[in-house]
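Undergrad: entry-v4.cif is reproduced in full below (mmCIF, C-alpha atoms).
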data_structure
#
loop_
_atom_site.label_atom_id
_atom_site.label_comp_id
_atom_site.auth_asym_id
_atom_site.auth_seq_id
_atom_site.Cartn_x
_atom_site.Cartn_y
_atom_site.Cartn_z
CA MET A 916 -33.58 -35.88 -68.98
CA LYS A 917 -35.29 -34.30 -65.98
CA GLU A 918 -37.06 -37.53 -65.13
CA TYR A 919 -33.74 -39.38 -65.29
CA MET A 920 -31.90 -36.84 -63.11
CA GLU A 921 -34.69 -36.93 -60.56
CA LYS A 922 -35.16 -40.68 -60.56
CA TYR A 923 -31.47 -41.41 -60.01
CA SER A 924 -30.55 -38.25 -58.04
CA ILE A 925 -28.06 -36.92 -60.54
CA SER A 926 -27.30 -33.22 -60.57
CA ARG A 927 -27.37 -31.19 -63.76
CA ASP A 928 -23.66 -30.47 -63.89
CA VAL A 929 -22.83 -34.17 -63.69
CA MET A 930 -24.81 -34.83 -66.88
CA ALA A 931 -22.41 -32.40 -68.60
CA GLU A 932 -19.71 -35.10 -68.45
CA TRP A 933 -21.23 -36.72 -71.53
CA PRO A 934 -20.69 -33.84 -74.01
CA VAL A 935 -17.25 -33.28 -72.45
CA LEU A 936 -16.24 -36.88 -73.24
CA MET A 937 -17.73 -36.68 -76.72
CA HIS A 938 -15.63 -33.60 -77.51
CA GLU A 939 -12.54 -35.18 -75.96
CA HIS A 940 -12.86 -38.08 -78.39
CA ALA A 941 -13.79 -35.91 -81.38
CA SER A 942 -10.78 -33.64 -80.87
CA LYS A 943 -8.67 -36.50 -82.21
CA ASN A 944 -11.00 -37.57 -85.05
CA PRO A 945 -10.18 -35.98 -88.42
CA TYR A 946 -13.74 -36.75 -89.56
CA ALA A 947 -15.36 -34.86 -86.70
CA GLN A 948 -17.53 -31.81 -87.26
CA LEU A 949 -16.60 -30.20 -83.93
CA PRO A 950 -13.06 -31.41 -83.20
CA PHE A 951 -12.29 -29.42 -80.06
CA LYS A 952 -12.29 -30.13 -76.34
CA ILE A 953 -14.79 -28.43 -74.08
CA LYS A 954 -15.08 -27.95 -70.34
CA LYS A 955 -18.03 -28.75 -68.11
CA GLU A 956 -18.39 -25.04 -67.26
CA GLN A 957 -18.97 -24.26 -70.94
CA VAL A 958 -21.83 -26.76 -71.03
CA MET A 959 -23.41 -25.25 -67.95
CA LYS A 960 -23.09 -21.68 -69.30
CA SER A 961 -24.31 -22.49 -72.82
CA PRO A 962 -27.78 -21.27 -73.91
CA VAL A 963 -30.67 -23.30 -72.55
CA ILE A 964 -32.73 -24.61 -75.44
CA SER A 965 -35.38 -26.68 -73.75
CA GLU A 966 -34.54 -26.87 -70.10
CA PRO A 967 -32.58 -28.65 -68.81
CA LEU A 968 -31.06 -29.30 -72.23
CA THR A 969 -28.52 -26.74 -73.34
CA LEU A 970 -26.96 -26.14 -76.73
CA PHE A 971 -24.12 -28.45 -75.71
CA ASP A 972 -26.51 -31.33 -75.04
CA MET A 973 -27.61 -31.55 -78.66
CA SER A 974 -25.89 -32.73 -81.79
CA PRO A 975 -25.19 -30.05 -84.38
CA ILE A 976 -26.89 -29.84 -87.75
CA GLY A 977 -24.59 -30.85 -90.54
CA ASP A 978 -24.17 -32.48 -93.89
CA GLY A 979 -22.02 -35.46 -94.59
CA ALA A 980 -21.65 -38.68 -96.45
CA ALA A 981 -20.41 -42.12 -95.56
CA ALA A 982 -20.05 -45.41 -97.34
CA VAL A 983 -19.40 -49.04 -96.59
CA ILE A 984 -18.73 -51.80 -99.08
CA LEU A 985 -20.72 -54.97 -98.55
CA ALA A 986 -19.42 -58.16 -100.07
CA SER A 987 -19.57 -61.89 -99.66
CA GLU A 988 -16.86 -63.34 -97.45
CA ASP A 989 -14.65 -64.65 -100.26
CA VAL A 990 -14.83 -61.39 -102.18
CA ALA A 991 -14.17 -59.42 -98.98
CA ARG A 992 -11.05 -61.48 -98.27
CA LYS A 993 -9.76 -60.72 -101.74
CA LEU A 994 -10.33 -56.98 -101.28
CA THR A 995 -8.82 -56.51 -97.83
CA ASP A 996 -6.68 -58.17 -95.17
CA THR A 997 -9.16 -57.05 -92.52
CA PRO A 998 -12.65 -57.99 -93.63
CA ILE A 999 -15.23 -57.21 -90.95
CA GLU A 1000 -18.22 -59.46 -90.41
CA ILE A 1001 -21.72 -58.13 -89.89
CA ALA A 1002 -22.45 -60.66 -87.19
CA GLY A 1003 -25.83 -59.43 -86.01
CA PHE A 1004 -28.41 -56.79 -86.77
CA ALA A 1005 -31.94 -55.94 -85.76
CA ILE A 1006 -34.51 -53.16 -85.76
CA SER A 1007 -37.31 -52.55 -83.30
CA THR A 1008 -39.98 -49.93 -82.78
CA ASP A 1009 -41.73 -48.37 -79.84
CA LYS A 1010 -44.65 -46.00 -79.31
CA VAL A 1011 -44.15 -42.65 -81.00
CA TYR A 1012 -45.80 -40.44 -78.38
CA ALA A 1013 -43.95 -39.80 -75.15
CA THR A 1014 -47.35 -39.96 -73.47
CA SER A 1015 -47.86 -43.54 -74.67
CA ARG A 1016 -44.66 -44.76 -73.05
CA GLU A 1017 -44.75 -46.42 -69.68
CA ASP A 1018 -41.45 -44.92 -68.58
CA LEU A 1019 -39.70 -41.84 -69.86
CA THR A 1020 -36.34 -43.12 -68.62
CA SER A 1021 -36.35 -46.19 -70.86
CA LEU A 1022 -35.81 -46.78 -74.55
CA ASN A 1023 -37.53 -50.12 -75.00
CA ALA A 1024 -36.83 -50.25 -78.72
CA VAL A 1025 -33.09 -50.13 -78.06
CA ARG A 1026 -33.23 -52.86 -75.44
CA GLU A 1027 -35.36 -55.15 -77.59
CA THR A 1028 -33.15 -54.57 -80.62
CA SER A 1029 -29.94 -55.24 -78.72
CA ILE A 1030 -31.28 -58.53 -77.38
CA LYS A 1031 -32.10 -59.67 -80.92
CA ALA A 1032 -28.83 -58.44 -82.44
CA TYR A 1033 -26.61 -59.84 -79.68
CA SER A 1034 -28.35 -63.21 -79.96
CA MET A 1035 -27.88 -63.29 -83.72
CA ALA A 1036 -24.19 -62.44 -83.26
CA ASN A 1037 -23.83 -64.98 -80.46
CA ILE A 1038 -22.51 -62.43 -77.98
CA THR A 1039 -23.54 -60.79 -74.74
CA SER A 1040 -23.08 -57.14 -73.76
CA ARG A 1041 -19.93 -58.15 -71.88
CA ASP A 1042 -18.24 -59.04 -75.19
CA VAL A 1043 -18.57 -55.53 -76.60
CA ASP A 1044 -15.18 -53.79 -76.92
CA VAL A 1045 -16.31 -50.63 -78.66
CA VAL A 1046 -19.68 -49.01 -79.28
CA GLU A 1047 -21.06 -46.06 -81.17
CA VAL A 1048 -24.40 -44.90 -79.72
CA GLY A 1049 -26.78 -42.36 -81.24
CA ASP A 1050 -26.41 -39.51 -78.78
CA VAL A 1051 -28.58 -37.02 -80.63
CA PHE A 1052 -29.10 -35.54 -77.14
CA THR A 1053 -27.06 -36.18 -74.01
CA ILE A 1054 -29.89 -38.18 -72.47
CA THR A 1055 -30.33 -40.41 -75.53
CA GLY A 1056 -26.64 -41.30 -75.36
CA ILE A 1057 -26.91 -42.15 -71.67
CA LEU A 1058 -30.10 -44.17 -72.07
CA SER A 1059 -28.66 -46.00 -75.10
CA VAL A 1060 -25.66 -47.15 -73.07
CA GLU A 1061 -28.03 -48.52 -70.43
CA GLU A 1062 -30.48 -50.14 -72.82
CA LEU A 1063 -27.60 -51.81 -74.67
CA ASP A 1064 -26.89 -53.38 -71.27
CA LEU A 1065 -23.46 -51.73 -71.09
CA SER A 1066 -24.37 -50.12 -67.77
CA LYS A 1067 -27.13 -50.95 -65.33
CA LYS A 1068 -30.17 -48.67 -65.47
CA GLY A 1069 -29.53 -45.41 -63.72
CA VAL A 1070 -25.80 -46.08 -63.48
CA ALA A 1071 -24.40 -44.94 -66.86
CA VAL A 1072 -23.73 -41.37 -65.71
CA LYS A 1073 -22.12 -42.56 -62.49
CA ASP A 1074 -19.96 -44.94 -64.54
CA LEU A 1075 -19.00 -42.05 -66.80
CA VAL A 1076 -18.02 -39.88 -63.84
CA ASN A 1077 -15.97 -42.76 -62.43
CA GLY A 1078 -13.82 -42.73 -65.56
CA ARG A 1079 -15.46 -45.56 -67.49
CA PHE A 1080 -16.02 -45.66 -71.28
CA ARG A 1081 -12.65 -44.16 -72.16
CA VAL A 1082 -9.96 -46.02 -74.09
CA GLY A 1083 -8.83 -48.94 -72.00
CA ASP A 1084 -12.34 -49.65 -70.75
CA LYS A 1085 -14.59 -52.33 -72.14
CA PRO A 1086 -16.49 -50.93 -73.91
CA THR A 1087 -15.05 -47.68 -75.12
CA VAL A 1088 -18.05 -45.50 -75.92
CA ASN A 1089 -18.21 -43.22 -78.96
CA PRO A 1090 -14.51 -42.97 -79.78
CA SER A 1091 -15.67 -41.02 -82.84
CA GLY A 1092 -17.00 -38.22 -80.66
CA GLY A 1093 -20.57 -39.38 -81.16
CA LEU A 1094 -23.40 -37.43 -82.69
CA LYS A 1095 -22.65 -34.57 -80.33
CA ALA A 1096 -19.15 -33.77 -81.56
CA ARG A 1097 -18.40 -36.03 -84.50
CA GLY A 1098 -21.72 -34.99 -86.03
CA ASP A 1099 -25.15 -36.12 -87.10
CA PRO A 1100 -25.62 -35.84 -90.86
CA VAL A 1101 -28.78 -37.89 -90.28
CA GLY A 1102 -28.86 -40.19 -93.30
CA ALA A 1103 -25.12 -40.73 -93.20
CA THR A 1104 -24.93 -41.13 -89.42
CA GLY A 1105 -25.83 -44.80 -89.26
CA ILE A 1106 -23.33 -45.61 -91.98
CA TYR A 1107 -20.49 -43.59 -90.49
CA GLN A 1108 -21.07 -45.36 -87.18
CA VAL A 1109 -20.68 -48.74 -88.89
CA ALA A 1110 -17.74 -47.50 -90.95
CA GLU A 1111 -15.85 -46.17 -87.93
CA ILE A 1112 -16.53 -49.32 -85.90
CA ALA A 1113 -15.25 -51.35 -88.85
CA MET A 1114 -12.14 -49.15 -88.92
CA GLN A 1115 -11.65 -49.74 -85.19
CA LEU A 1116 -11.89 -53.50 -85.66
CA GLY A 1117 -9.64 -53.42 -88.70
CA GLY A 1118 -7.08 -51.21 -86.99
CA GLY A 1119 -7.27 -48.29 -89.35
CA PHE A 1120 -9.20 -45.68 -87.36
CA PRO A 1121 -7.39 -42.32 -87.51
CA GLY A 1122 -8.64 -41.01 -84.15
CA VAL A 1123 -8.91 -42.55 -80.69
CA LYS A 1124 -7.90 -46.17 -81.28
CA VAL A 1125 -9.52 -49.09 -79.50
CA ASN A 1126 -8.14 -52.61 -79.56
CA ALA A 1127 -11.37 -54.33 -80.50
CA GLU A 1128 -12.73 -57.65 -81.68
CA VAL A 1129 -16.43 -56.90 -81.24
CA GLY A 1130 -18.09 -53.58 -82.01
CA VAL A 1131 -21.66 -52.32 -81.91
CA ALA A 1132 -23.34 -49.47 -83.76
CA GLU A 1133 -26.65 -48.22 -82.38
CA CYS A 1134 -28.88 -45.69 -84.03
CA ILE A 1135 -32.28 -44.41 -82.95
CA GLY A 1136 -35.11 -42.67 -84.74
CA GLY A 1137 -37.17 -39.99 -83.03
CA PHE A 1138 -37.04 -40.34 -79.29
CA GLY A 1139 -36.46 -44.07 -79.51
CA SER A 1140 -39.56 -44.76 -81.58
CA SER A 1141 -37.29 -46.93 -83.65
CA ALA A 1142 -33.85 -48.32 -83.04
CA SER A 1143 -31.31 -50.37 -84.90
CA VAL A 1144 -28.33 -52.27 -83.55
CA ILE A 1145 -25.57 -53.74 -85.69
CA VAL A 1146 -22.89 -56.03 -84.28
CA LEU A 1147 -19.58 -56.23 -86.11
CA LYS A 1148 -16.84 -58.74 -85.54
CA ARG A 1149 -13.26 -58.96 -86.65
CA MET B 494 -48.83 -14.72 -98.84
CA PRO B 495 -50.25 -18.25 -98.60
CA SER B 496 -51.41 -19.27 -95.15
CA SER B 497 -49.74 -22.09 -93.29
CA ILE B 498 -53.02 -22.67 -91.46
CA SER B 499 -55.12 -25.27 -93.23
CA PRO B 500 -58.86 -24.66 -92.63
CA SER B 501 -59.77 -28.22 -93.51
CA ARG B 502 -57.19 -29.64 -91.14
CA VAL B 503 -58.31 -27.37 -88.32
CA TRP B 504 -61.91 -28.47 -88.97
CA ARG B 505 -61.04 -32.16 -89.04
CA LYS B 506 -59.13 -31.99 -85.79
CA ARG B 507 -61.59 -29.77 -83.91
CA SER B 508 -63.01 -32.46 -81.60
CA SER B 509 -59.68 -33.78 -80.47
CA ARG B 510 -58.07 -30.34 -80.36
CA TYR B 511 -60.76 -28.22 -78.78
CA ALA B 512 -62.97 -30.69 -76.98
CA LEU B 513 -60.23 -33.03 -75.81
CA GLU B 514 -61.95 -35.95 -77.46
CA ALA B 515 -59.99 -39.16 -77.05
CA THR B 516 -60.68 -42.72 -78.12
CA LYS B 517 -61.46 -45.60 -75.82
CA CYS B 518 -60.94 -49.24 -76.69
CA LYS B 519 -64.10 -51.29 -76.31
CA LYS B 520 -62.04 -54.43 -75.85
CA CYS B 521 -59.43 -53.46 -73.24
CA ASN B 522 -60.70 -50.06 -72.03
CA ALA B 523 -57.43 -48.29 -72.84
CA ILE B 524 -57.87 -44.57 -73.51
CA HIS B 525 -55.78 -42.90 -76.19
CA TYR B 526 -55.06 -39.23 -76.66
CA PRO B 527 -54.52 -38.09 -79.39
CA PRO B 528 -57.31 -40.29 -80.79
CA ARG B 529 -56.27 -43.47 -82.55
CA ILE B 530 -57.70 -45.82 -85.13
CA VAL B 531 -56.14 -48.96 -83.69
CA CYS B 532 -55.69 -49.55 -79.96
CA ASP B 533 -51.99 -49.43 -79.19
CA LYS B 534 -52.41 -51.79 -76.26
CA CYS B 535 -54.41 -54.68 -77.73
CA GLY B 536 -54.62 -53.95 -81.46
CA SER B 537 -58.42 -53.80 -81.60
CA ARG B 538 -60.10 -51.49 -84.11
CA GLU B 539 -63.24 -51.23 -82.03
CA LEU B 540 -62.72 -47.78 -80.57
CA GLU B 541 -65.32 -45.29 -79.41
CA LYS B 542 -65.15 -41.54 -78.77
CA PHE B 543 -64.36 -40.57 -75.22
CA LYS B 544 -64.35 -37.02 -73.95
CA LEU B 545 -61.67 -36.26 -71.42
CA ASP B 546 -62.68 -33.84 -68.70
CA GLY B 547 -59.34 -32.05 -68.97
CA THR B 548 -58.64 -30.99 -65.43
CA GLY B 549 -55.51 -32.68 -64.40
CA VAL B 550 -52.17 -32.55 -62.74
CA LEU B 551 -48.79 -31.54 -64.15
CA GLU B 552 -46.47 -34.54 -64.31
CA SER B 553 -43.51 -33.23 -66.24
CA TYR B 554 -42.56 -30.11 -68.18
CA THR B 555 -39.88 -28.30 -70.11
CA ILE B 556 -39.39 -24.64 -70.86
CA THR B 557 -38.37 -24.05 -74.45
CA TYR B 558 -36.36 -20.94 -75.23
CA ASN B 559 -35.51 -21.77 -78.82
CA VAL B 560 -38.91 -20.84 -80.19
CA PRO B 561 -39.93 -21.15 -83.87
CA GLU B 562 -40.30 -18.04 -86.00
CA GLY B 563 -43.73 -16.54 -85.66
CA PHE B 564 -43.96 -17.47 -82.00
CA ARG B 565 -40.99 -15.50 -80.73
CA ASP B 566 -43.06 -12.97 -78.83
CA HIS B 567 -44.46 -15.83 -76.77
CA SER B 568 -41.03 -17.09 -75.76
CA PRO B 569 -40.37 -19.04 -73.63
CA LEU B 570 -42.92 -21.70 -74.44
CA ILE B 571 -43.77 -24.27 -71.82
CA PHE B 572 -44.70 -27.81 -72.75
CA GLY B 573 -45.76 -30.46 -70.33
CA ILE B 574 -47.30 -33.82 -69.74
CA VAL B 575 -50.53 -33.49 -67.84
CA LYS B 576 -52.35 -36.43 -66.30
CA VAL B 577 -56.08 -36.05 -66.82
CA ASN B 578 -59.00 -38.30 -65.96
CA SER B 579 -56.71 -39.87 -63.36
CA ASN B 580 -54.75 -41.97 -65.83
CA VAL B 581 -54.58 -40.41 -69.29
CA ARG B 582 -51.51 -38.42 -70.25
CA VAL B 583 -51.79 -35.40 -72.49
CA LEU B 584 -48.85 -33.56 -74.02
CA ALA B 585 -49.79 -29.91 -74.27
CA GLN B 586 -48.59 -26.38 -74.11
CA ILE B 587 -48.86 -25.02 -70.60
CA THR B 588 -50.21 -21.51 -70.47
CA ASP B 589 -51.13 -18.77 -67.99
CA VAL B 590 -48.32 -19.94 -65.72
CA GLU B 591 -45.00 -18.20 -65.16
CA PRO B 592 -41.97 -20.50 -65.49
CA SER B 593 -41.16 -19.81 -61.85
CA GLU B 594 -44.64 -20.94 -60.79
CA LEU B 595 -44.36 -24.35 -62.43
CA LYS B 596 -44.47 -27.25 -60.06
CA VAL B 597 -44.94 -30.95 -60.66
CA GLY B 598 -48.26 -31.88 -59.15
CA MET B 599 -49.94 -28.53 -59.78
CA PRO B 600 -53.57 -28.64 -60.98
CA LEU B 601 -54.32 -27.44 -64.52
CA GLU B 602 -57.43 -27.12 -66.70
CA PRO B 603 -57.97 -26.78 -70.45
CA VAL B 604 -58.07 -23.24 -71.85
CA LEU B 605 -58.53 -22.09 -75.40
CA ARG B 606 -55.75 -19.90 -76.70
CA LYS B 607 -54.83 -18.36 -80.00
CA VAL B 608 -52.00 -20.41 -81.53
CA GLU B 609 -51.24 -18.44 -84.69
CA GLU B 610 -52.92 -16.09 -87.10
CA ASP B 611 -52.59 -15.40 -90.76
CA GLY B 612 -52.01 -11.65 -90.74
CA ASP B 613 -54.62 -9.06 -89.71
CA THR B 614 -57.44 -10.31 -91.85
CA GLY B 615 -56.72 -13.99 -92.30
CA MET B 616 -57.58 -17.10 -90.37
CA ILE B 617 -56.90 -17.47 -86.69
CA LYS B 618 -56.01 -20.88 -85.40
CA TYR B 619 -56.84 -21.68 -81.83
CA GLY B 620 -55.58 -24.48 -79.72
CA LEU B 621 -56.08 -26.01 -76.39
CA SER B 622 -53.49 -25.39 -73.74
CA LEU B 623 -53.51 -26.36 -70.14
CA GLY B 624 -53.31 -23.58 -67.63
CA LEU B 625 -54.07 -22.62 -64.08
#
Kindly transcribe the structure held in the file into structure tokens.

TA:
Amino acid sequence: MKEYMEKYSISRDVMAEWPVLMHEHASKNPYAQLPFKIKKEQVMKSPVISEPLTLFDMSPIGDGAAAVILASEDVARKLTDTPIEIAGFAISTDKVYATSREDLTSLNAVRETSIKAYSMANITSRDVDVVEVGDVFTITGILSVEELDLSKKGVAVKDLVNGRFRVGDKPTVNPSGGLKARGDPVGATGIYQVAEIAMQLGGGFPGVKVNAEVGVAECIGGFGSSASVIVLKR
Amino acid sequence: MPSSISPSRVWRKRSSRYALEATKCKKCNAIHYPPRIVCDKCGSRELEKFKLDGTGVLESYTITYNVPEGFRDHSPLIFGIVKVNSNVRVLAQITDVEPSELKVGMPLEPVLRKVEEDGDTGMIKYGLSLGL
């Protein structure tokens, strides 16, 4: 996070906009683990864990479960009026050690995966209406948005500060509240991301609603040593 | 109480841990620390031992306040990426430096420090940190 802030001249308090947005979205999500709004000042005053990351820059520990039902198209159409297509998916890996990476402000696995998944789904990043990114830390959320090509490199935080990524923007980012506020029950996280995107596309999401045709769920392992991207279409 | 320190593991890792022994790829000359079996640049398995000289420069660091049990009296712990041998990056604990003294670009050298011990009479595990 330090490298990112230094490279793109972003001050520490500006980075706090990410957890603030996550909590804003989660406050309306009945599935969220931490459904309350927070203020930037709270982020800045919270205990420093591993500087500059504070308690409010990290997802909580929690337990949870999630499920999706996979079916062939004809079966899906019999079961629901809003079947959602898994239009693209991919997984990529990167070096495990931070010291083996060329650049600490990039998540190459995410970028590579998104290129493969978008191609399979026949879309570009500009078609994405709603996205759930794996913001296990503030910086991973920010970098994910950039590596998914939803913001230019170094610009995601500035976009966030300028009011982007809320409902009404294309894409809306983490309407669930993300890992930070909706939660990260690890094994269930990837599935809840897909489930909530599917609910957005189908129109049944009980929280912040996005009018969406194309949704993306991104999950990372470690510090981007592996990444998966799933593209869903109405 | 059973020790969490494994003597055989400490023994196996002694060259890389205490002598900063890395591996160097005979095919593409890439240097890897911690040591590897397969070169992560070109995929070759022809690697040889390569001792890093250890003195280097601090590239990046973080100060960790949420310290694991057993290490609380050493809080905060400082971890950093140190560039040694002009182009090899090592992730290590930074020691003998006050948090306020930390500066990117500062020179550091390897020092042996006690990492943990198994009570008063049990095994002591040492580790390499990088300090002033």

Undergrad: With all atoms listed in the file as the counted atoms, please give the residues lying no more than 9 Å from range 551-564 of chain B, apart from itself and same-chain residues fewer than 3 positions off, as number ranges by chain.

TA: A: 917-918, 962-967; B: 567-577, 582, 587, 592, 595-601, 608-609

Undergrad: Do a neighbour search on Val929 in chain A at 10 Å with all atoms listed in the file, toss out local chain neighbours closer than 5 positions, and write the hits as number ranges by chain.

TA: A: 920, 955, 959, 1072-1073, 1075-1076

Undergrad: For a quick check of understanding, using all atoms listed in the file, which of B:Ala512, B:Lys517, B:Asn578, B:Val583 has the smallest distance to chain A?

TA: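 Comparing B:Ala512, B:Lys517, B:Asn578, B:Val583 against chain A, the winner is B:Val583.
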
Undergrad: In Å, with one decimal, what is the gap from CA of Ser1141 in chain A to CA of Arg1041 in chain A?

TA: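 A separation of 23.8 Å between them.
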
Undergrad: Counting all atoms listed in the file, figure out which residue out of A:Lys960, A:Lys943, A:Arg927, A:Lys954 gets nearest to Pro1090 in chain A.

TA: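 Result for the nearest residue to Pro1090 in chain A: A:Lys943.
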